file data-v6.txt (compact mmCIF, C-alpha atoms)
# COMPACT_ATOMS: atom_id res chain seq x y z
CA MET A 250 -57.14 16.81 1.75
CA SER A 251 -53.94 15.33 3.16
CA SER A 252 -50.61 14.60 1.65
CA SER A 253 -48.06 12.16 2.87
CA LEU A 254 -44.46 11.69 1.94
CA PRO A 255 -43.47 8.36 0.45
CA PRO A 256 -41.92 6.02 2.99
CA ALA A 257 -38.15 6.26 3.24
CA GLN A 258 -36.40 3.54 1.33
CA PRO A 259 -34.03 1.39 3.41
CA GLU A 260 -30.36 1.81 2.59
CA SER A 261 -29.28 -0.85 0.14
CA ARG A 262 -26.52 -3.24 1.17
CA SER A 263 -26.41 -4.99 -2.18
CA PRO A 264 -22.84 -5.47 -3.39
CA TRP A 265 -24.03 -4.38 -6.84
CA ARG A 266 -25.71 -1.15 -5.75
CA SER A 267 -23.10 1.02 -7.48
CA LEU A 268 -24.18 -0.50 -10.81
CA ARG A 269 -27.54 1.23 -10.49
CA HIS A 270 -25.79 4.23 -11.98
CA ARG A 271 -25.44 4.13 -15.76
CA SER A 272 -21.97 5.68 -15.89
CA MET A 273 -20.66 3.17 -13.36
CA ARG A 274 -21.93 0.33 -15.54
CA TRP A 275 -20.08 1.73 -18.54
CA TRP A 276 -16.97 2.33 -16.45
CA SER A 277 -17.02 -1.29 -15.23
CA VAL A 278 -17.29 -2.59 -18.79
CA ALA A 279 -14.41 -0.35 -19.86
CA ASN A 280 -12.28 -1.52 -16.93
CA PHE A 281 -12.97 -5.17 -17.74
CA VAL A 282 -11.84 -4.66 -21.33
CA SER A 283 -8.75 -2.74 -20.19
CA ASN A 284 -7.80 -5.28 -17.50
CA ALA A 285 -8.20 -8.18 -19.93
CA GLY A 286 -5.93 -6.41 -22.41
CA THR A 287 -3.36 -5.54 -19.75
CA TRP A 288 -3.13 -9.09 -18.41
CA MET A 289 -2.95 -10.44 -21.94
CA GLN A 290 0.05 -8.19 -22.56
CA LEU A 291 1.71 -9.00 -19.21
CA THR A 292 1.38 -12.72 -19.86
CA VAL A 293 2.85 -12.37 -23.34
CA GLN A 294 5.56 -9.98 -22.14
CA ASN A 295 7.00 -12.56 -19.75
CA LEU A 296 7.11 -15.10 -22.56
CA LEU A 297 8.66 -12.53 -24.88
CA VAL A 298 11.48 -11.73 -22.43
CA LEU A 299 12.20 -15.44 -22.08
CA GLN A 300 12.33 -15.77 -25.87
CA ILE A 301 14.72 -12.82 -26.22
CA THR A 302 17.04 -13.63 -23.31
CA GLY A 303 16.29 -17.17 -22.19
CA SER A 304 16.67 -15.88 -18.61
CA ALA A 305 14.11 -16.04 -15.83
CA ALA A 306 16.10 -13.37 -13.99
CA ALA A 307 15.62 -11.00 -16.93
CA THR A 308 11.89 -11.62 -16.76
CA GLY A 309 11.84 -10.57 -13.13
CA LEU A 310 14.01 -7.55 -13.97
CA SER A 311 11.53 -6.35 -16.60
CA MET A 312 8.72 -6.51 -14.03
CA SER A 313 10.82 -4.61 -11.49
CA VAL A 314 11.72 -1.92 -14.03
CA GLN A 315 8.02 -1.35 -14.71
CA ALA A 316 7.19 -1.20 -10.98
CA ALA A 317 10.19 0.89 -9.89
CA PRO A 318 8.89 4.35 -11.00
CA ALA A 319 6.08 4.06 -8.47
CA LEU A 320 8.65 4.18 -5.66
CA LEU A 321 9.78 7.72 -6.48
CA MET A 322 7.12 9.16 -8.77
CA SER A 323 3.78 8.08 -7.25
CA VAL A 324 3.61 11.21 -5.11
CA LEU A 325 4.12 13.36 -8.21
CA GLY A 326 1.50 11.39 -10.11
CA GLY A 327 -0.97 11.87 -7.27
CA ALA A 328 -0.35 15.61 -7.29
CA ALA A 329 -1.05 15.67 -11.03
CA VAL A 330 -4.35 13.88 -10.44
CA ASP A 331 -5.36 16.56 -7.90
CA ARG A 332 -4.25 19.43 -10.13
CA TRP A 333 -5.89 18.38 -13.41
CA PRO A 334 -9.50 17.43 -14.22
CA ARG A 335 -9.94 13.76 -13.38
CA LYS A 336 -11.59 12.69 -16.63
CA LEU A 337 -9.00 14.51 -18.75
CA THR A 338 -6.13 13.01 -16.74
CA ALA A 339 -7.47 9.45 -17.05
CA ALA A 340 -8.22 9.85 -20.76
CA VAL A 341 -4.75 11.22 -21.57
CA SER A 342 -2.95 8.57 -19.52
CA GLN A 343 -4.98 5.78 -21.17
CA ALA A 344 -4.22 7.21 -24.60
CA LEU A 345 -0.48 7.34 -23.80
CA LEU A 346 -0.57 3.71 -22.62
CA ALA A 347 -2.21 2.84 -25.94
CA VAL A 348 0.67 4.52 -27.78
CA ILE A 349 3.19 2.45 -25.79
CA ALA A 350 1.28 -0.77 -26.55
CA PHE A 351 1.06 0.01 -30.27
CA THR A 352 4.75 0.94 -30.40
CA THR A 353 5.72 -2.34 -28.76
CA ALA A 354 3.41 -4.28 -31.09
CA THR A 355 4.99 -2.65 -34.15
CA LEU A 356 8.53 -3.43 -32.97
CA VAL A 357 7.55 -7.05 -32.29
CA ALA A 358 5.87 -7.39 -35.69
CA LEU A 359 8.97 -6.00 -37.43
CA ASP A 360 11.27 -8.16 -35.27
CA ARG A 361 13.05 -5.03 -34.06
CA LEU A 362 12.39 -5.36 -30.33
CA ASP A 363 15.47 -6.00 -28.21
CA MET A 364 15.88 -6.13 -24.45
CA THR A 365 16.98 -2.51 -24.17
CA SER A 366 13.91 -1.25 -26.03
CA LEU A 367 11.65 -3.47 -23.95
CA MET A 368 13.11 -2.14 -20.70
CA VAL A 369 12.71 1.47 -21.84
CA LEU A 370 9.08 0.87 -22.82
CA ALA A 371 8.44 -0.90 -19.50
CA ALA A 372 9.92 2.05 -17.57
CA VAL A 373 7.81 4.57 -19.51
CA THR A 374 4.72 2.44 -18.87
CA GLY A 375 5.52 2.47 -15.16
CA MET A 376 5.87 6.26 -15.16
CA ILE A 377 2.53 6.77 -16.91
CA ALA A 378 0.91 4.32 -14.49
CA THR A 379 1.84 6.55 -11.54
CA VAL A 380 -0.74 9.00 -12.90
CA ASP A 381 -3.14 6.54 -14.50
CA ASN A 382 -3.70 4.31 -11.45
CA PRO A 383 -4.92 6.99 -9.01
CA ALA A 384 -6.79 8.84 -11.75
CA CYS A 385 -8.81 5.78 -12.79
CA ALA A 386 -9.39 4.65 -9.20
CA LEU A 387 -10.76 8.03 -8.12
CA LEU A 388 -12.71 8.55 -11.33
CA GLY A 389 -14.77 5.44 -10.55
CA ASN A 390 -15.52 6.76 -7.06
CA ASP A 391 -16.51 10.15 -8.48
CA LEU A 392 -19.35 8.50 -10.40
CA VAL A 393 -21.35 7.24 -7.38
CA PRO A 394 -22.65 8.67 -4.08
CA ALA A 395 -20.32 8.38 -1.09
CA GLU A 396 -22.31 5.52 0.47
CA ASP A 397 -21.86 3.47 -2.72
CA VAL A 398 -18.07 3.87 -2.89
CA PRO A 399 -17.38 0.50 -1.11
CA SER A 400 -19.65 -1.15 -3.69
CA ALA A 401 -17.75 0.57 -6.51
CA ILE A 402 -14.45 -0.65 -5.06
CA GLY A 403 -15.80 -4.19 -4.63
CA VAL A 404 -17.13 -4.22 -8.18
CA GLY A 405 -13.75 -2.94 -9.32
CA ALA A 406 -12.04 -5.86 -7.55
CA LEU A 407 -14.38 -8.32 -9.28
CA VAL A 408 -13.75 -6.67 -12.65
CA PHE A 409 -9.99 -6.82 -12.00
CA ASN A 410 -10.06 -10.56 -11.22
CA ALA A 411 -12.38 -11.33 -14.12
CA GLY A 412 -10.17 -9.33 -16.49
CA ARG A 413 -7.08 -11.11 -15.17
CA LEU A 414 -8.57 -14.54 -15.83
CA ALA A 415 -9.88 -13.52 -19.26
CA GLY A 416 -6.60 -11.87 -20.26
CA ALA A 417 -4.47 -14.86 -19.26
CA ALA A 418 -6.79 -17.19 -21.19
CA LEU A 419 -6.91 -14.96 -24.27
CA ALA A 420 -3.14 -14.55 -24.33
CA GLY A 421 -2.55 -18.18 -25.26
CA VAL A 422 -5.27 -18.17 -27.91
CA THR A 423 -4.14 -14.87 -29.42
CA VAL A 424 -0.47 -15.82 -29.62
CA GLY A 425 -1.30 -19.25 -30.98
CA PHE A 426 -3.44 -17.96 -33.86
CA LEU A 427 -2.25 -14.41 -34.50
CA GLY A 428 1.24 -14.10 -32.99
CA THR A 429 2.79 -12.16 -30.14
CA ALA A 430 2.33 -8.72 -31.69
CA ALA A 431 -1.45 -9.23 -31.78
CA ALA A 432 -1.62 -9.30 -27.96
CA TYR A 433 0.05 -5.87 -27.79
CA PHE A 434 -2.23 -4.50 -30.51
CA ALA A 435 -5.27 -5.83 -28.60
CA ASN A 436 -4.10 -4.13 -25.42
CA GLY A 437 -3.64 -0.87 -27.31
CA PHE A 438 -7.23 -1.02 -28.57
CA SER A 439 -8.46 -1.80 -25.04
CA PHE A 440 -6.87 1.46 -23.82
CA LEU A 441 -8.49 3.35 -26.68
CA PHE A 442 -11.86 1.89 -25.73
CA VAL A 443 -11.49 3.29 -22.20
CA THR A 444 -10.38 6.65 -23.63
CA ALA A 445 -13.52 6.74 -25.81
CA VAL A 446 -15.85 5.92 -22.89
CA ILE A 447 -14.49 8.49 -20.41
CA PRO A 448 -15.97 11.66 -22.01
CA PHE A 449 -19.50 10.22 -21.71
CA LEU A 450 -19.30 9.44 -17.96
CA ARG A 451 -21.55 11.54 -15.73
CA PRO A 452 -21.51 11.59 -11.89
CA ALA A 453 -24.68 10.38 -10.17
CA ALA A 454 -26.65 12.61 -7.81
CA GLY A 455 -24.88 12.80 -4.46
CA ALA A 456 -21.45 11.97 -5.84
CA VAL A 457 -18.53 13.86 -4.33
CA ARG A 458 -17.47 16.53 -6.79
CA HIS A 459 -13.80 16.87 -7.62
CA VAL A 460 -12.91 20.55 -7.83
CA VAL A 461 -9.63 21.34 -9.56
CA GLU A 462 -7.44 23.61 -7.47
CA LYS A 463 -5.74 26.57 -9.11
CA GLY A 464 -2.49 27.99 -7.89
CA GLY A 465 -2.30 31.70 -7.34
CA LYS A 466 -1.17 34.36 -4.91
CA GLY A 467 -3.89 33.58 -2.45
CA GLY A 468 -6.42 36.11 -3.68
CA LYS A 469 -10.15 35.83 -3.22
CA GLY A 470 -11.43 32.46 -4.32
CA GLU A 471 -7.91 31.16 -4.96
CA LEU A 472 -5.61 28.90 -3.05
CA PRO A 473 -1.99 29.81 -2.39
CA ARG A 474 0.47 28.74 -5.04
CA ASN A 475 2.00 26.09 -2.78
CA ALA A 476 -1.39 24.50 -1.98
CA MET A 477 -0.88 21.90 -4.69
CA THR A 478 2.54 20.77 -3.53
CA VAL A 479 3.42 17.15 -2.92
CA ARG A 480 4.47 18.16 0.59
CA GLU A 481 0.87 18.91 1.51
CA GLY A 482 -0.20 15.37 0.65
CA ILE A 483 2.68 13.87 2.61
CA ALA A 484 1.95 16.14 5.59
CA PHE A 485 -1.74 15.22 5.59
CA PHE A 486 -0.90 11.52 5.49
CA ALA A 487 1.68 11.84 8.28
CA ARG A 488 -0.73 13.79 10.53
CA ARG A 489 -3.67 11.44 10.01
CA PRO A 490 -3.54 8.69 12.69
CA ARG A 491 -6.06 6.43 10.98
CA LEU A 492 -4.10 6.48 7.72
CA LEU A 493 -0.88 5.73 9.59
CA ALA A 494 -2.64 2.87 11.37
CA LEU A 495 -3.94 1.59 8.04
CA ALA A 496 -0.43 1.77 6.61
CA GLY A 497 0.95 -0.13 9.60
CA VAL A 498 -1.64 -2.91 9.38
CA THR A 499 -1.28 -3.24 5.62
CA GLY A 500 2.51 -3.09 5.71
CA ILE A 501 3.03 -5.77 8.34
CA SER A 502 0.46 -7.98 6.63
CA ALA A 503 2.20 -7.52 3.27
CA VAL A 504 5.62 -8.46 4.67
CA PHE A 505 4.72 -11.41 6.91
CA GLY A 506 1.59 -12.69 5.20
CA ARG A 507 -0.41 -12.49 1.99
CA ASN A 508 2.43 -13.70 -0.23
CA TYR A 509 0.68 -17.04 -0.47
CA GLY A 510 1.98 -17.65 -3.97
CA LEU A 511 5.39 -18.03 -2.30
CA THR A 512 4.71 -19.55 1.13
CA LEU A 513 1.94 -21.95 0.14
CA ALA A 514 3.83 -23.07 -2.97
CA VAL A 515 6.77 -24.15 -0.81
CA LEU A 516 4.46 -25.70 1.81
CA VAL A 517 2.46 -27.72 -0.75
CA THR A 518 5.44 -28.95 -2.76
CA GLY A 519 7.58 -29.51 0.35
CA PRO A 520 6.16 -30.74 3.68
CA LEU A 521 2.78 -31.71 2.18
CA ALA A 522 4.46 -33.60 -0.69
CA GLY A 523 2.16 -32.21 -3.37
CA GLY A 524 3.01 -31.34 -6.95
CA ALA A 525 2.30 -28.53 -9.34
CA GLY A 526 -1.25 -29.78 -9.79
CA ALA A 527 -1.88 -29.59 -6.04
CA PHE A 528 -0.65 -26.03 -5.87
CA GLY A 529 -2.81 -25.23 -8.89
CA THR A 530 -5.82 -26.40 -6.86
CA VAL A 531 -4.76 -24.22 -3.94
CA SER A 532 -4.37 -21.24 -6.29
CA THR A 533 -7.85 -21.83 -7.70
CA VAL A 534 -9.36 -21.88 -4.20
CA LEU A 535 -7.49 -18.65 -3.40
CA ALA A 536 -8.96 -17.03 -6.52
CA VAL A 537 -12.48 -18.16 -5.64
CA GLY A 538 -12.07 -16.85 -2.10
CA GLY A 539 -10.84 -13.53 -3.45
CA ILE A 540 -13.97 -13.16 -5.59
CA LEU A 541 -16.27 -14.09 -2.71
CA GLY A 542 -14.46 -11.62 -0.47
CA ALA A 543 -14.84 -8.85 -3.04
CA VAL A 544 -18.61 -9.47 -3.12
CA LEU A 545 -18.81 -9.35 0.69
CA GLY A 546 -16.61 -6.27 0.85
CA ALA A 547 -18.87 -4.50 -1.62
CA ARG A 548 -21.73 -4.82 0.90
CA LEU A 549 -19.90 -2.57 3.38
CA ARG A 550 -21.24 0.94 3.79
CA ARG A 551 -18.87 2.55 6.30
CA PRO A 552 -15.57 0.63 6.44
CA SER A 553 -13.14 1.53 9.20
CA VAL A 554 -9.50 0.96 10.08
CA ARG A 555 -10.64 -1.05 13.10
CA LEU A 556 -12.48 -3.44 10.76
CA VAL A 557 -9.39 -3.72 8.54
CA GLY A 558 -7.26 -4.54 11.60
CA ALA A 559 -9.71 -7.13 12.91
CA LEU A 560 -9.88 -8.84 9.52
CA ALA A 561 -6.10 -8.77 9.13
CA ALA A 562 -5.64 -10.32 12.58
CA THR A 563 -8.24 -13.00 11.77
CA GLY A 564 -6.45 -13.80 8.52
CA ALA A 565 -3.14 -13.99 10.41
CA LEU A 566 -4.54 -16.54 12.88
CA LEU A 567 -5.91 -18.59 10.00
CA GLN A 568 -2.43 -18.42 8.48
CA VAL A 569 -0.97 -19.82 11.71
CA VAL A 570 -3.36 -22.78 11.60
CA ALA A 571 -2.66 -23.27 7.88
CA GLY A 572 1.04 -23.50 8.65
CA MET A 573 0.31 -26.50 10.89
CA SER A 574 -1.92 -28.27 8.34
CA PRO A 575 -1.26 -32.03 8.44
CA SER A 576 -2.57 -32.61 4.92
CA LEU A 577 -3.51 -30.90 1.68
CA ALA A 578 -7.22 -31.43 2.39
CA VAL A 579 -6.99 -29.51 5.67
CA LEU A 580 -5.03 -26.73 3.96
CA LEU A 581 -7.71 -26.38 1.26
CA VAL A 582 -10.38 -25.98 3.96
CA LEU A 583 -8.37 -23.12 5.50
CA VAL A 584 -7.31 -21.42 2.27
CA LEU A 585 -10.83 -20.35 1.30
CA PRO A 586 -11.59 -18.28 4.45
CA MET A 587 -8.04 -16.91 4.35
CA ALA A 588 -8.65 -15.54 0.86
CA VAL A 589 -12.13 -14.25 1.74
CA VAL A 590 -10.87 -12.37 4.81
CA GLU A 591 -7.95 -10.90 2.89
CA SER A 592 -10.20 -9.70 0.07
CA VAL A 593 -12.76 -8.09 2.40
CA SER A 594 -9.92 -6.42 4.31
CA ASP A 595 -8.44 -5.07 1.07
CA THR A 596 -11.80 -3.66 -0.05
CA ALA A 597 -12.40 -2.02 3.33
CA GLY A 598 -8.89 -0.56 3.45
CA THR A 599 -9.14 0.81 -0.08
CA ALA A 600 -12.49 2.43 0.76
CA VAL A 601 -10.98 4.14 3.82
CA LEU A 602 -7.93 5.29 1.86
CA GLN A 603 -9.98 6.74 -0.99
CA THR A 604 -12.67 8.44 1.10
CA ASP A 605 -10.92 9.65 4.26
CA PRO A 606 -8.93 12.53 2.71
CA PRO A 607 -10.81 15.60 1.42
CA ALA A 608 -11.54 15.44 -2.29
CA HIS A 609 -8.81 17.90 -3.27
CA LEU A 610 -6.11 15.80 -1.53
CA ARG A 611 -7.10 12.27 -2.54
CA GLY A 612 -4.77 12.04 -5.50
CA ARG A 613 -1.75 13.01 -3.44
CA VAL A 614 -2.69 10.66 -0.60
CA LEU A 615 -3.01 7.82 -3.11
CA GLY A 616 0.37 8.87 -4.47
CA VAL A 617 1.97 8.59 -1.03
CA TRP A 618 0.28 5.22 -0.59
CA GLY A 619 1.63 4.06 -3.97
CA SER A 620 5.20 4.86 -2.95
CA VAL A 621 4.84 3.15 0.43
CA GLY A 622 3.13 0.14 -1.15
CA THR A 623 5.97 -0.25 -3.63
CA VAL A 624 8.40 -0.56 -0.71
CA TRP A 625 6.28 -3.38 0.71
CA SER A 626 5.93 -5.16 -2.62
CA LEU A 627 9.67 -4.99 -3.31
CA GLY A 628 10.83 -5.77 0.23
CA GLY A 629 8.19 -8.27 1.34
CA PRO A 630 9.08 -11.32 -0.79
CA PRO A 631 12.84 -11.23 0.01
CA ALA A 632 12.11 -10.83 3.74
CA LEU A 633 9.64 -13.68 3.65
CA GLY A 634 12.07 -15.80 1.65
CA LEU A 635 14.74 -15.23 4.31
CA LEU A 636 12.26 -16.20 7.02
CA MET A 637 11.51 -19.43 5.15
CA GLU A 638 15.21 -20.16 4.86
CA LEU A 639 15.55 -19.81 8.64
CA ALA A 640 12.30 -21.40 9.83
CA GLY A 641 11.00 -23.43 6.88
CA PRO A 642 7.60 -22.92 5.20
CA ARG A 643 5.60 -24.00 8.25
CA GLY A 644 7.67 -21.86 10.58
CA ALA A 645 7.37 -18.87 8.25
CA LEU A 646 3.57 -19.12 8.11
CA VAL A 647 3.22 -19.61 11.87
CA THR A 648 5.79 -16.98 12.86
CA GLY A 649 4.52 -14.45 10.32
CA GLY A 650 0.90 -14.93 11.40
CA LEU A 651 1.80 -14.50 15.08
CA ILE A 652 3.81 -11.35 14.33
CA ILE A 653 0.86 -9.85 12.44
CA ALA A 654 -1.77 -10.74 15.04
CA THR A 655 0.41 -9.67 17.99
CA SER A 656 1.35 -6.35 16.37
CA ILE A 657 -2.27 -5.50 15.57
CA ALA A 658 -3.40 -6.44 19.09
CA ALA A 659 -0.63 -4.35 20.65
CA GLY A 660 -1.51 -1.38 18.47
CA HIS A 661 -5.19 -1.68 19.41
CA LEU A 662 -4.36 -1.80 23.14
CA LEU A 663 -2.11 1.25 22.88
CA HIS A 664 -4.80 3.16 21.00
CA THR A 665 -7.43 2.16 23.57
CA ARG A 666 -5.26 3.24 26.50
CA ARG A 667 -4.45 6.54 24.82
CA THR A 668 -8.09 7.39 24.14
CA THR A 669 -9.52 6.22 27.48
CA SER A 670 -6.81 7.45 29.92
CA PRO A 671 -8.28 10.12 32.26
CA ALA A 672 -6.95 13.64 32.12
CA VAL A 673 -4.86 14.61 35.17
CA LEU A 674 -5.05 18.22 36.33
CA ARG A 675 -1.98 19.80 37.81
CA PRO A 676 -2.26 21.29 41.34
CA GLU A 677 -1.97 24.85 40.04
CA ALA A 678 -4.84 24.19 37.67
CA LEU A 679 -6.98 23.01 40.59
CA GLU A 680 -6.15 26.11 42.58
CA THR A 681 -7.08 28.34 39.66
CA ALA A 682 -10.38 26.50 39.25
CA ALA A 683 -11.12 26.98 42.95

call {"tool": "encode", "arguments": {"input": "data-v6.txt", "output": "structure tokens"}}
result
Amino acid sequence: MSSSLPPAQPESRSPWRSLRHRSMRWWSVANFVSNAGTWMQLTVQNLLVLQITGSAAATGLSMSVQAAPALLMSVLGGAAVDRWPRKLTAAVSQALLAVIAFTTATLVALDRLDMTSLMVLAAVTGMIATVDNPACALLGNDLVPAEDVPSAIGVGALVFNAGRLAGAALAGVTVGFLGTAAAYFANGFSFLFVTAVIPFLRPAAGAVRHVVEKGGKGGKGELPRNAMTVREGIAFFARRPRLLALAGVTGISAVFGRNYGLTLAVLVTGPLAGGAGAFGTVSTVLAVGGILGAVLGARLRRPSVRLVGALAATGALLQVVAGMSPSLAVLLVLVLPMAVVESVSDTAGTAVLQTDPPAHLRGRVLGVWGSVGTVWSLGGPPALGLLMELAGPRGALVTGGLIIATSIAAGHLLHTRRTTSPAVLRPEALETAA
């Protein structure tokens, strides 16, 4: 009588492998509903500000007010995510966002919403988001085994884009038939749906368990009281070369590239003599490329900073060629791979960021990243706009792409020299060895 073990199953590279887990399927559905509601509200909010003030500048200000808390408070939000149970944190933050949405909807319905109230509500939303964003991002990763995290992130990117398209489309229909307040009410119910789903989520076998740290005096089984400080997250980030490299690659790409909604809009409507319809076509191709890139990125199993750098450099070189496009047709051919490369790079970078730190530090590391990313998002467009003023849209694309590619290549060469340089023994060390 002989027994044999079943043959080992090959590791799946399917971009949908994270959806094998029931809780991840429910979480994806909940995220789609929430993203659709959020984008419905954002679309309506811009129109609402224009109706109240008649000023495009005020519209931009409302968006900045909502984003500004991330600059100073993301590190605190990340610490809260590490300190409190992940599911509880996400559920409470989603419920609070629902309260904000319902409050705004009520004020709109009663015609009592003014610009001051809208700004206050936007600022409060931004503060809650500093906790909600890392909590929801890490909660999704907690549901699947470590090797399926890139798939979970890729699926999340697809859900985000699908929710964005659905929300923008539903906004017009909802406002047209039910009024502006209905969009805010719908977003509030979308947050409540997520809140209702969270308690039923269960991690799959092999998922990384998030253990809540407890402050104390350092007794047996306890961590010191200062173990949960924000400083620890900042110190870990600053001492981690691969995270610093990831920040450098992402930062320089965010400042001198990626803002295609700005650079390509000026290129299409300027030197290429296209109109709004032509840029709409370019935007559609960018969206399609982003979805394709998310699918490809979800196939990754062990993303690395080196891969992120290589993809960012490739995208930068494509950007250089796009800046020299003689016609709209040539630009459209280049835009698709540009978007694909950018999306795969984003998925790989997010996977590294969310899996490299130990589980008890991931919230704080994401908090540090949120603060740094806000600097890029606020400073990138003005810097790129200044570059376009000086060099024109073609010059900005070409110069920006060369800066990105050259910087990444220089960083790679320095890293290679540092890791391969032979150790030199001092004469006294040789004498001691002899």

call {"tool": "residues_around", "arguments": {"input": "data-v6.txt", "residues": "range 401-403 of chain A", "least_positions_apart": "4", "cutoff": "6 Å", "atoms": "all atoms listed in the file", "output": "MDAnalysis selection string"}}
result
chainID A and resid 267 543 546:547

call {"tool": "closest_residue", "arguments": {"input": "data-v6.txt", "among": "A:Val330, A:Ala654, A:Leu541, A:Leu585", "to": "Val569 in chain A", "atoms": "only C-alpha atoms"}}
result
A:Ala654

call {"tool": "closest_residue", "arguments": {"input": "data-v6.txt", "among": "A:Gly619, A:Gly510, A:Pro575, A:Gly598", "to": "Ile483 in chain A", "atoms": "all atoms listed in the file"}}
result
A:Gly619

call {"tool": "atom_distance", "arguments": {"input": "data-v6.txt", "atom1": "CA of Gly612 in chain A", "atom2": "CA of Ala456 in chain A"}}
result
16.7 Å

call {"tool": "residues_around", "arguments": {"input": "data-v6.txt", "residues": "Leu511 in chain A", "least_positions_apart": "3", "cutoff": "9 Å", "atoms": "all atoms listed in the file", "output": "list in words"}}
result
Asn508, Ala514, Val515, Leu516, Pro630, Leu633 and Gly634 of chain A

call {"tool": "residues_around", "arguments": {"input": "data-v6.txt", "residues": "Ser439 in chain A", "least_positions_apart": "5", "cutoff": "9 Å", "atoms": "only C-alpha atoms", "output": "MDAnalysis selection string"}}
result
chainID A and resid 279:280 282:287 347 434 444

call {"tool": "atom_distance", "arguments": {"input": "data-v6.txt", "atom1": "CA of Pro448 in chain A", "atom2": "CA of Ala344 in chain A"}}
result
12.8 Å

call {"tool": "atom_distance", "arguments": {"input": "data-v6.txt", "atom1": "CA of Ser553 in chain A", "atom2": "CA of Arg480 in chain A"}}
result
25.7 Å

call {"tool": "closest_atom_pairs", "arguments": {"input": "data-v6.txt", "of": "range 314-361 of chain A", "to": "range 426-431 of chain A", "cutoff": "10 Å", "atoms": "only C-alpha atoms", "output": "Markdown table"}}
result
| residue | atom | partner | partner_atom | distance |
| --- | --- | --- | --- | --- |
| A:Ala350 | CA | A:Ala430 | CA | 9.5 |
| A:Phe351 | CA | A:Ala430 | CA | 8.9 |
| A:Thr353 | CA | A:Ala430 | CA | 7.8 |
| A:Ala354 | CA | A:Ala430 | CA | 4.6 |
| A:Thr355 | CA | A:Ala430 | CA | 7.1 |
| A:Leu356 | CA | A:Ala430 | CA | 8.2 |
| A:Val357 | CA | A:Ala430 | CA | 5.5 |
| A:Ala358 | CA | A:Ala430 | CA | 5.5 |
| A:Leu359 | CA | A:Ala430 | CA | 9.2 |
| A:Asp360 | CA | A:Ala430 | CA | 9.6 |

call {"tool": "write_last_selection", "arguments": {"input": "data-v6.txt", "atoms": "C-alpha atoms", "output": "PDB file, keeping the file's coordinate frame"}}
result
ATOM      1  CA  ALA A 350       1.280  -0.770 -26.550  1.00  0.00           C
ATOM      2  CA  PHE A 351       1.060   0.010 -30.270  1.00  0.00           C
ATOM      3  CA  THR A 353       5.720  -2.340 -28.760  1.00  0.00           C
ATOM      4  CA  ALA A 354       3.410  -4.280 -31.090  1.00  0.00           C
ATOM      5  CA  THR A 355       4.990  -2.650 -34.150  1.00  0.00           C
ATOM      6  CA  LEU A 356       8.530  -3.430 -32.970  1.00  0.00           C
ATOM      7  CA  VAL A 357       7.550  -7.050 -32.290  1.00  0.00           C
ATOM      8  CA  ALA A 358       5.870  -7.390 -35.690  1.00  0.00           C
ATOM      9  CA  LEU A 359       8.970  -6.000 -37.430  1.00  0.00           C
ATOM     10  CA  ASP A 360      11.270  -8.160 -35.270  1.00  0.00           C
TER      11      ASP A 360
END

call {"tool": "residues_near_point", "arguments": {"input": "data-v6.txt", "point": "(-4.2, 9.6, -11.9)", "cutoff": "8 Å", "atoms": "only C-alpha atoms", "output": "list of chain:residue names"}}
result
A:Gly326, A:Gly327, A:Ala329, A:Val330, A:Arg335, A:Thr338, A:Ala339, A:Ser342, A:Ala378, A:Thr379, A:Val380, A:Asp381, A:Asn382, A:Pro383, A:Ala384, A:Cys385, A:Ala386, A:Leu387, A:Gly612

call {"tool": "residues_around", "arguments": {"input": "data-v6.txt", "residues": "Ala494 in chain A", "least_positions_apart": "5", "cutoff": "10 Å", "atoms": "all atoms listed in the file", "output": "list in words"}}
result
Arg489, Thr499, Gly500, Val554, Arg555, Val557, Gly558, Ile657, Gly660, His661 and His664 of chain A

call {"tool": "closest_residue", "arguments": {"input": "data-v6.txt", "among": "A:Asp397, A:Leu337, A:Met376, A:Leu610", "to": "Leu549 in chain A", "atoms": "only C-alpha atoms"}}
result
A:Asp397

call {"tool": "closest_residue", "arguments": {"input": "data-v6.txt", "among": "A:Trp265, A:Phe486, A:Tyr509, A:Tyr433", "to": "Met289 in chain A", "atoms": "all atoms listed in the file"}}
result
A:Tyr433

call {"tool": "residues_around", "arguments": {"input": "data-v6.txt", "residues": "Ala316 in chain A", "least_positions_apart": "2", "cutoff": "12 Å", "atoms": "all atoms listed in the file", "output": "ChimeraX atom specification"}}
result
/A:309-314,318-323,368,371-379,619-620,622-627

call {"tool": "closest_residue", "arguments": {"input": "data-v6.txt", "among": "A:Gly519, A:Pro334, A:Pro452, A:Pro264", "to": "Leu392 in chain A", "atoms": "all atoms listed in the file"}}
result
A:Pro452

call {"tool": "closest_residue", "arguments": {"input": "data-v6.txt", "among": "A:Gly455, A:Pro394, A:Gly629, A:Gly482", "to": "Leu615 in chain A", "atoms": "only C-alpha atoms"}}
result
A:Gly482
